[in-house]
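One file, query.cif, carrying mmCIF, C-alpha atoms and all ligand atoms; chains and numbers go by the auth columns:
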```cif
data_model
#
loop_
_atom_site.group_PDB
_atom_site.id
_atom_site.type_symbol
_atom_site.label_atom_id
_atom_site.label_comp_id
_atom_site.label_asym_id
_atom_site.label_seq_id
_atom_site.Cartn_x
_atom_site.Cartn_y
_atom_site.Cartn_z
_atom_site.B_iso_or_equiv
_atom_site.auth_seq_id
_atom_site.auth_asym_id
ATOM 1 C CA MET A 1 17.920 -152.654 28.098 0.00 598 V
ATOM 2 C CA LEU A 2 16.664 -151.032 31.239 0.00 599 V
ATOM 3 C CA ILE A 3 13.543 -152.616 32.629 0.00 600 V
ATOM 4 C CA LEU A 4 11.915 -150.351 35.155 0.00 601 V
ATOM 5 C CA GLY A 5 11.274 -152.156 38.394 0.00 602 V
ATOM 6 C CA GLN A 6 13.723 -154.903 37.441 0.00 603 V
ATOM 7 C CA PRO A 7 17.195 -153.467 38.096 0.00 604 V
ATOM 8 C CA ALA A 8 18.925 -156.824 37.559 0.00 605 V
ATOM 9 C CA ALA A 9 18.150 -156.627 33.839 0.00 606 V
ATOM 10 C CA ARG A 10 20.126 -153.427 33.314 0.00 607 V
ATOM 11 C CA THR A 11 22.864 -153.550 30.721 0.00 608 V
ATOM 12 C CA SER A 12 24.163 -149.977 30.747 0.00 609 V
ATOM 13 C CA ALA A 13 26.410 -148.438 33.362 0.00 610 V
ATOM 14 C CA GLU A 14 25.706 -150.081 36.688 0.00 611 V
ATOM 15 C CA SER A 15 24.882 -147.852 39.607 0.00 612 V
ATOM 16 C CA ASN A 16 22.845 -147.660 42.764 0.00 613 V
ATOM 17 C CA TYR A 17 20.264 -145.747 40.827 0.00 614 V
ATOM 18 C CA GLU A 18 16.648 -146.681 41.459 0.00 615 V
ATOM 19 C CA PRO A 19 14.938 -146.541 38.061 0.00 616 V
ATOM 20 C CA ASP A 20 11.404 -147.047 39.308 0.00 617 V
ATOM 21 C CA ARG A 21 11.343 -144.061 41.616 0.00 618 V
ATOM 22 C CA MET A 22 8.203 -141.988 41.292 0.00 619 V
ATOM 23 C CA ASN A 23 8.629 -138.249 41.043 0.00 620 V
ATOM 24 C CA GLU A 24 5.823 -135.778 40.696 0.00 621 V
ATOM 25 C CA PRO A 25 2.397 -137.332 40.273 0.00 622 V
ATOM 26 C CA GLY A 26 2.120 -138.509 36.706 0.00 623 V
ATOM 27 C CA SER A 27 5.838 -138.645 35.965 0.00 624 V
ATOM 28 C CA ARG A 28 8.318 -141.485 36.283 0.00 625 V
ATOM 29 C CA THR A 29 12.075 -141.604 36.038 0.00 626 V
ATOM 30 C CA LEU A 30 13.291 -143.699 33.111 0.00 627 V
ATOM 31 C CA CYS A 31 17.030 -143.316 33.656 0.00 628 V
ATOM 32 C CA ARG A 32 19.748 -140.768 34.282 0.00 629 V
ATOM 33 C CA LEU A 33 20.837 -138.681 31.330 0.00 630 V
ATOM 34 C CA ASP A 34 24.397 -139.958 31.651 0.00 631 V
ATOM 35 C CA GLU A 35 23.213 -143.547 31.228 0.00 632 V
ATOM 36 C CA ILE A 36 22.505 -142.774 27.570 0.00 633 V
ATOM 37 C CA PRO A 37 25.678 -142.459 25.472 0.00 634 V
ATOM 38 C CA ASP A 38 25.821 -139.061 23.783 0.00 635 V
ATOM 39 C CA GLY A 39 24.928 -139.668 20.128 0.00 636 V
ATOM 40 C CA GLY A 40 23.630 -143.129 20.955 0.00 637 V
ATOM 41 C CA ALA A 41 20.580 -144.841 22.351 0.00 638 V
ATOM 42 C CA ILE A 42 19.365 -147.256 24.977 0.00 639 V
ATOM 43 C CA GLY A 43 16.158 -149.222 25.387 0.00 640 V
ATOM 44 C CA VAL A 44 13.905 -149.113 28.421 0.00 641 V
ATOM 45 C CA THR A 45 10.812 -151.069 29.309 0.00 642 V
ATOM 46 C CA VAL A 46 8.040 -149.149 31.019 0.00 643 V
ATOM 47 C CA PRO A 47 5.641 -151.301 33.027 0.00 644 V
ATOM 48 C CA SER A 48 1.967 -150.548 32.718 0.00 645 V
ATOM 49 C CA ALA A 49 -1.372 -152.067 33.655 0.00 646 V
ATOM 50 C CA THR A 50 -1.580 -153.571 30.179 0.00 647 V
ATOM 51 C CA GLY A 51 1.809 -155.285 30.278 0.00 648 V
ATOM 52 C CA GLY A 52 4.236 -152.478 29.558 0.00 649 V
ATOM 53 C CA PHE A 53 5.957 -151.157 26.479 0.00 650 V
ATOM 54 C CA ASP A 54 9.456 -150.636 25.156 0.00 651 V
ATOM 55 C CA LEU A 55 10.960 -147.237 24.422 0.00 652 V
ATOM 56 C CA ILE A 56 14.067 -146.093 22.607 0.00 653 V
ATOM 57 C CA LEU A 57 15.855 -143.180 24.286 0.00 654 V
ATOM 58 C CA LEU A 58 18.201 -141.314 21.943 0.00 655 V
ATOM 59 C CA ARG A 59 20.571 -138.656 23.260 0.00 656 V
ATOM 60 C CA ARG A 60 21.962 -135.613 21.485 0.00 657 V
ATOM 61 C CA GLY A 61 23.929 -133.630 24.057 0.00 658 V
ATOM 62 C CA GLU A 62 21.536 -132.524 26.771 0.00 659 V
ATOM 63 C CA ARG A 63 18.474 -133.469 24.708 0.00 660 V
ATOM 64 C CA VAL A 64 16.734 -136.843 24.707 0.00 661 V
ATOM 65 C CA PHE A 65 14.201 -138.127 22.190 0.00 662 V
ATOM 66 C CA ALA A 66 11.900 -141.031 23.029 0.00 663 V
ATOM 67 C CA TYR A 67 10.031 -143.299 20.646 0.00 664 V
ATOM 68 C CA HIS A 68 8.160 -146.533 20.980 0.00 665 V
ATOM 69 C CA ASN A 69 10.455 -149.367 20.003 0.00 666 V
ATOM 70 C CA GLU A 70 8.183 -150.514 17.218 0.00 667 V
ATOM 71 C CA CYS A 71 9.067 -150.058 13.581 0.00 668 V
ATOM 72 C CA PRO A 72 6.190 -148.749 11.446 0.00 669 V
ATOM 73 C CA HIS A 73 7.254 -151.038 8.585 0.00 670 V
ATOM 74 C CA ALA A 74 6.446 -154.429 10.086 0.00 671 V
ATOM 75 C CA GLY A 75 5.948 -153.756 13.770 0.00 672 V
ATOM 76 C CA ARG A 76 9.230 -155.274 14.917 0.00 673 V
ATOM 77 C CA ASN A 77 11.627 -153.849 17.484 0.00 674 V
ATOM 78 C CA LEU A 78 14.348 -151.701 15.927 0.00 675 V
ATOM 79 C CA ASP A 79 17.250 -153.052 18.019 0.00 676 V
ATOM 80 C CA TYR A 80 19.689 -155.682 16.727 0.00 677 V
ATOM 81 C CA ALA A 81 20.136 -157.047 20.237 0.00 678 V
ATOM 82 C CA PRO A 82 18.087 -156.112 23.294 0.00 679 V
ATOM 83 C CA GLY A 83 18.770 -152.419 23.969 0.00 680 V
ATOM 84 C CA SER A 84 21.355 -152.053 21.169 0.00 681 V
ATOM 85 C CA PHE A 85 20.488 -149.776 18.254 0.00 682 V
ATOM 86 C CA LEU A 86 22.027 -148.688 14.965 0.00 683 V
ATOM 87 C CA VAL A 87 22.470 -144.923 15.410 0.00 684 V
ATOM 88 C CA ARG A 88 24.701 -142.837 13.197 0.00 685 V
ATOM 89 C CA GLU A 89 24.855 -139.262 11.995 0.00 686 V
ATOM 90 C CA GLY A 90 21.540 -138.238 13.541 0.00 687 V
ATOM 91 C CA ARG A 91 19.634 -141.240 12.253 0.00 688 V
ATOM 92 C CA ILE A 92 18.454 -144.526 13.662 0.00 689 V
ATOM 93 C CA THR A 93 18.123 -147.544 11.392 0.00 690 V
ATOM 94 C CA CYS A 94 15.836 -150.483 12.052 0.00 691 V
ATOM 95 C CA ALA A 95 17.952 -153.606 12.241 0.00 692 V
ATOM 96 C CA VAL A 96 15.285 -155.787 10.631 0.00 693 V
ATOM 97 C CA HIS A 97 14.924 -154.375 7.093 0.00 694 V
ATOM 98 C CA GLY A 98 16.814 -151.071 7.223 0.00 695 V
ATOM 99 C CA ALA A 99 14.124 -148.393 7.570 0.00 696 V
ATOM 100 C CA THR A 100 15.822 -145.176 8.675 0.00 697 V
ATOM 101 C CA PHE A 101 14.435 -142.382 10.843 0.00 698 V
ATOM 102 C CA THR A 102 15.751 -139.046 12.057 0.00 699 V
ATOM 103 C CA VAL A 103 16.701 -138.949 15.713 0.00 700 V
ATOM 104 C CA GLU A 104 15.134 -135.544 16.319 0.00 701 V
ATOM 105 C CA SER A 105 11.701 -136.086 14.721 0.00 702 V
ATOM 106 C CA GLY A 106 11.356 -139.840 14.181 0.00 703 V
ATOM 107 C CA ALA A 107 10.417 -139.132 10.554 0.00 704 V
ATOM 108 C CA CYS A 108 11.057 -141.872 8.021 0.00 705 V
ATOM 109 C CA VAL A 109 13.868 -140.832 5.675 0.00 706 V
ATOM 110 C CA GLY A 110 14.764 -144.086 3.980 0.00 707 V
ATOM 111 C CA GLY A 111 14.025 -147.745 3.571 0.00 708 V
ATOM 112 C CA PRO A 112 10.705 -149.578 3.675 0.00 709 V
ATOM 113 C CA CYS A 113 8.660 -147.234 5.852 0.00 710 V
ATOM 114 C CA ARG A 114 5.873 -144.798 5.118 0.00 711 V
ATOM 115 C CA ASN A 115 5.298 -143.467 8.616 0.00 712 V
ATOM 116 C CA GLY A 116 7.615 -142.228 11.328 0.00 713 V
ATOM 117 C CA LEU A 117 8.293 -143.548 14.783 0.00 714 V
ATOM 118 C CA VAL A 118 5.725 -142.862 17.489 0.00 715 V
ATOM 119 C CA ALA A 119 7.101 -140.312 19.941 0.00 716 V
ATOM 120 C CA MET A 120 6.675 -140.464 23.707 0.00 717 V
ATOM 121 C CA PRO A 121 6.546 -137.222 25.726 0.00 718 V
ATOM 122 C CA ILE A 122 9.498 -137.019 28.069 0.00 719 V
ATOM 123 C CA GLU A 123 11.564 -134.355 29.753 0.00 720 V
ATOM 124 C CA VAL A 124 15.068 -134.069 31.139 0.00 721 V
ATOM 125 C CA ARG A 125 15.184 -132.509 34.581 0.00 722 V
ATOM 126 C CA ASP A 126 18.096 -132.367 37.006 0.00 723 V
ATOM 127 C CA GLY A 127 19.998 -134.961 35.027 0.00 724 V
ATOM 128 C CA GLU A 128 17.135 -137.422 34.948 0.00 725 V
ATOM 129 C CA VAL A 129 14.963 -138.522 32.044 0.00 726 V
ATOM 130 C CA LEU A 130 11.299 -138.536 32.999 0.00 727 V
ATOM 131 C CA VAL A 131 8.267 -139.867 31.181 0.00 728 V
ATOM 132 C CA ARG A 132 5.120 -137.835 31.699 0.00 729 V
HETATM 133 S S1 LIG B . 10.506 -153.995 10.544 0.00 801 V
HETATM 134 FE FE1 LIG B . 11.787 -152.256 10.543 0.00 801 V
HETATM 135 S S2 LIG B . 12.379 -152.025 8.493 0.00 801 V
HETATM 136 FE FE2 LIG B . 11.069 -153.731 8.484 0.00 801 V
#
```

Written as structure tokens, how would this file's structure read?
Amino acid sequence: MLILGQPAARTSAESNYEPDRMNEPGSRTLCRLDEIPDGGAIGVTVPSATGGFDLILLRRGERVFAYHNECPHAGRNLDYAPGSFLVREGRITCAVHGATFTVESGACVGGPCRNGLVAMPIEVRDGEVLVR
């Protein structure tokens, strides 16, 4: 899991990349696009004044989808180990009880969930994934 502002905690490809670099006012770099495996996902922690929050970043080619790492079934993180997610065939499955969501919309499509994942507005610019 990438923890912004704490580069030592990174578990994906190591680099000299500075994840906590500020860009335009109001946007923040989460990671480089190539740090997310195509068809897979990583977790990042975004610090905030209220203690921060965890996001799931899912990649499909040049597109990235971001959701809060909180399952709507029972409020647990979806990963089976920190920053490791069950992603297959365009769906992400919560490791706790098996709720399944589409990568592209976060909608619940199976298992014990009634609501979808909560999306986070992001953009990919110049090979970087930014949160707005
Ligand atoms: S907490 Fe995710 S399926 Fe139950």

How would you report the residues lying within 9 Å of ligand LIG 801 (chain V), as a list in words, if you count all atoms listed in the file? Glu667, Cys668, Pro669, His670, Ala671, Gly672, Arg673, Asn674, Leu675, Thr690, Cys691, Ala692, Val693, His694, Gly695, Ala696, Thr697, Gly708, Pro709 and Cys710 of chain V

Find the residues around Leu654 (chain V) up to 7 Å (all atoms listed in the file counted), leave out those fewer than 2 positions away in its own chain, and share them as a list in words.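 Once the adjacent positions are removed, what remains is Ala638, Ile639, Gly640, Leu652, Arg656, Val661, Phe662, Ala663 and Tyr664 of chain V.
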
Residues near Leu727 (chain V), anyone? I mean within 8 Å using all atoms listed in the file, not counting same-chain ones fewer than 3 positions away, as a list in words. Ser624, Arg625, Thr626, Leu627, Cys628, Ile719, Glu720, Val721 and Arg722 of chain V

With all atoms listed in the file as the atoms that count, which of V:Asp631, V:Phe698, V:Gly649, V:Asp723 lies nearest to Arg711 (chain V)?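 Nearest candidate to Arg711 (chain V) out of V:Asp631, V:Phe698, V:Gly649, V:Asp723: V:Phe698.
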
Using CA of Pro679 (chain V) and CA of Pro644 (chain V) as the two end points, give the distance in Å to one decimal.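 Atom-to-atom, CA of Pro679 (chain V) to CA of Pro644 (chain V), that is 16.5 Å.
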
Box in all listed atoms of region 635-647 of chain V, axis-aligned, with 6 Å more on each side; write out centre and edge lengths in Å to one decimal as AutoDock Vina command-line options.
```
--center_x 12.1 --center_y -146.3 --center_z 26.9 --size_x 39.4 --size_y 26.5 --size_z 25.5
```

Quick one: of V:Gly680, V:Asn666, V:Val728, V:Arg660, who's nearest to Gly636 (chain V), counting all atoms listed in the file?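 So, comparing all the options, the nearest one is V:Arg660.
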
What is the distance, in Å and to one decimal place, between CA of Thr699 (chain V) and CA of Thr642 (chain V)? 21.6 Å

Mind giving me the straight-line distance from CA of Glu659 (chain V) to CA of Arg688 (chain V) in Å, one decimal? 17.0 Å

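Shortest separation to Arg729 (chain V) among V:Asp676, V:Val684, V:Pro634, V:Val643 occurs at residue V:Val643, atoms counted being all atoms listed in the file.
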
Nearest to Val641 (chain V) among V:Gly713, V:Gly623, V:Ser681, V:Gly703, with distances taken over all atoms listed in the file: which residue is it?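 Between V:Gly713, V:Gly623, V:Ser681, V:Gly703, the residue approaching Val641 (chain V) most closely is V:Ser681.
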